[in-house]
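Structure first, commentary second.
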Amino acid sequence: YLKIIISTLPAILTGFFIYNNIIVFLRNVELIAYSCILFGIILYLVDRNSKFKKNWDTLSFKEAIIIGIFQCFAFIPGASRAGVTITASRLLGFSRESSAIYSFILSIPIIFSSSVLVSIEYYSQATSTLELSKIIVPALVSFFTALLSIKFMILLVKKTSYNFFVIYRILLGIVLLTWIYI
C-alpha cells in the first residue's frame with residue numbers, strides 16, 4: 001500500500017496545485033489530438049523495446065516514485081493516465097500484464113481524489129441541489145463498467161501487445177486533427 005501512495009502523491013499534489021490555474025487553460029482539441037498521437041507513439045516505442053518482464057510485486061520505492069512522476073504527465077490534455085503509467089512501468093521493465101494491473105490499481109486513489117475535489121467544488125456553490133442518488137447510481141455503473149474494461153484489457157495485453165491502444169490513440173489524434181482543419 002505504501003508504494004501505491006508513493007506513486008499517487010505526485011499526481012495528487014500536481015493536481016491540487018496546478019489543475020485550476022494552468023491545465024484548464026490548456027484544454028483544447030488541437031492539444032488533445034497531438035497528445036494522443038505523441039503519447040501513443042511513445043507507448044509503442046517503449047513497449048516494443050522493453051525486454052524485461054518484472055512482476056509488479058517486485059516494485060521498488062524508486063520505481064514507485066518514477067511511475068508517480070510519470071503519472072503527472074496525465075494532466076496534459078489528451079494524455080492518458082493509464083497510458084503514461086503503463087509506459088513508465090514498461091520503461092522500467094515490468095511485464096505488460098503487471099504494468100496494466102499496477103496502472104489500474106493506481107487509478108483508484110486518483111479517481112477518488114478527483115471525485116472529492118469536483119464534489120467539493122460543486123457543493124461549495126450555493127445553487128447545488130443535486131440529490132445524492134443521482135450521483136451514486138452513475139458512479140456505481142461507471143465503477144462496474146471500469147472493472148469489466150480492466151479485466152478485458154488485462155486479458156488482451158496478456159495475449160498480444162499494447163498495439164491496439166496505440167493504434168486507437170493515433171487514429172483518434174488524426175480524426176481530431178482532421179476535424180479541426182477540414
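Going by the C-alpha cells order, chains are called A, B, ..., each with residues numbered from 1, while ligands are numbered from 1 in the order shown.
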
Write out as JSON, numbers by chain which residues come within 8 Å of Ile69 of chain A when counting only C-alpha atoms, dropping same-chain ones fewer than 4 positions away. {"A": [7, 10, 11, 65, 73]}

Name the residues in contact with Tyr162 of chain A at a cut-off of 12 Å, using only C-alpha atoms, excluding same-chain residues fewer than 4 positions from it; report them as an NGL selection string. :A and (40-48 or 50 or 82-83 or 86-87 or 90 or 95-97 or 99-100 or 153-158 or 166-169)

Store the residues picked out above in a file with C-alpha atoms, as a short mmCIF file (atom, residue, chain, number, x, y, z; two decimals), in the first residue's frame.
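Final output, saved to out_7.cif:
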data_model
loop_
_atom_site.label_atom_id
_atom_site.label_comp_id
_atom_site.auth_asym_id
_atom_site.auth_seq_id
_atom_site.Cartn_x
_atom_site.Cartn_y
_atom_site.Cartn_z
CA GLY A 40 0.60 6.68 -28.49
CA ILE A 41 3.94 6.68 -30.31
CA ILE A 42 5.88 6.79 -27.03
CA LEU A 43 3.89 3.82 -25.67
CA TYR A 44 4.57 1.88 -28.87
CA LEU A 45 8.33 2.54 -28.77
CA VAL A 46 8.68 1.76 -25.07
CA ASP A 47 6.52 -1.37 -25.26
CA ARG A 48 8.36 -2.67 -28.32
CA SER A 50 11.01 -3.38 -23.23
CA ALA A 82 -3.31 4.70 -17.73
CA GLY A 83 -1.18 5.19 -20.82
CA ILE A 86 1.83 1.79 -18.33
CA THR A 87 4.55 3.46 -20.40
CA ARG A 90 7.17 -0.85 -19.33
CA SER A 95 5.57 -7.12 -17.96
CA ARG A 96 2.58 -5.92 -19.96
CA GLU A 97 0.18 -7.58 -17.54
CA SER A 99 2.02 -2.73 -15.98
CA ALA A 100 -1.71 -2.79 -16.66
CA MET A 153 -7.65 -5.06 -21.17
CA ILE A 154 -5.56 -7.34 -18.96
CA LEU A 155 -6.72 -10.39 -20.92
CA LEU A 156 -5.92 -8.59 -24.17
CA VAL A 157 -2.40 -7.49 -23.21
CA LYS A 158 -1.61 -10.95 -21.82
CA VAL A 166 -1.51 2.68 -29.71
CA ILE A 167 -3.49 2.49 -32.95
CA TYR A 168 -6.60 3.78 -31.21
CA ARG A 169 -4.75 6.81 -29.79
#

Shell around Gln71 of chain A at 7 Å using only C-alpha atoms, local window under 4 positions removed, as a PDB file with C-alpha atoms, in the first residue's frame:
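Okay, out_31.pdb is ready:
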ATOM      1  CA  ALA A  11      -0.228  13.370  -9.224  1.00  0.00           C
ATOM      2  CA  ILE A  67       5.814   5.913 -12.045  1.00  0.00           C
ATOM      3  CA  ARG A  81      -3.314   8.429 -17.104  1.00  0.00           C
ATOM      4  CA  VAL A  84       1.546   7.176 -19.071  1.00  0.00           C
ATOM      5  CA  THR A  85       1.711   4.847 -16.067  1.00  0.00           C
TER       6      THR A  85
END

Please provide as an NGL selection string all residues within 7 Å of Trp56 of chain A, with the sequence filter that same-chain residues fewer than 6 positions apart are discarded (counting only C-alpha atoms). :A and (94 or 98 or 102)

Taking the DSSP assignment computed from this structure's backbone, write out as a ChimeraX atom specification all residues of segment 10-144 of chain A that belong to alpha helix (DSSP H). /A:10-18,24-26,29-49,61-71,81-91,96-123,133-144

Between atom CA of Phe61 of chain A and atom CA of Ile5 of chain A, what is the distance, to one decimal in Å?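 A separation of 10.4 Å between them.
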
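Neighbours of Phe75 of chain A closer than or equal to 9 Å, with only C-alpha atoms counted and sequence neighbours fewer than 3 positions away skipped, come out as Ala11, Thr14, Gly15, Tyr19, Ile23, Gln71, Cys72, Gly78, Ala79, Ser80 and Arg81 of chain A.
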
Could you name the residues that touch Ile32 of chain A at 10 Å or less, counting only C-alpha atoms, but leaving out those on the same chain fewer than 5 positions away, as a PyMOL selection string? chain A and resi 26-27+37-38+76-79+172-173+176-177

Neighbouring residues of Ile12 of chain A were defined as those with any atom within 8 Å, considering only C-alpha atoms; residues of the same chain fewer than 3 positions away were excluded. Please report them as a count of residues only. 6

Quote the spacing between atom CA of Lys3 of chain A and atom CA of Ala64 of chain A in Å to one decimal place.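 Result for atom CA of Lys3 of chain A versus atom CA of Ala64 of chain A: 5.7 Å, one decimal.
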
Please compute the atom CA of Ser60 of chain A-atom CA of Tyr1 of chain A distance, one decimal, in Å.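 Distance between the two atoms: 12.2 Å.
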
Proximity to Ala139 of chain A - best of A:Ile4, A:Ile120, A:Ile111, A:Val29, only C-alpha atoms: A:Ile111
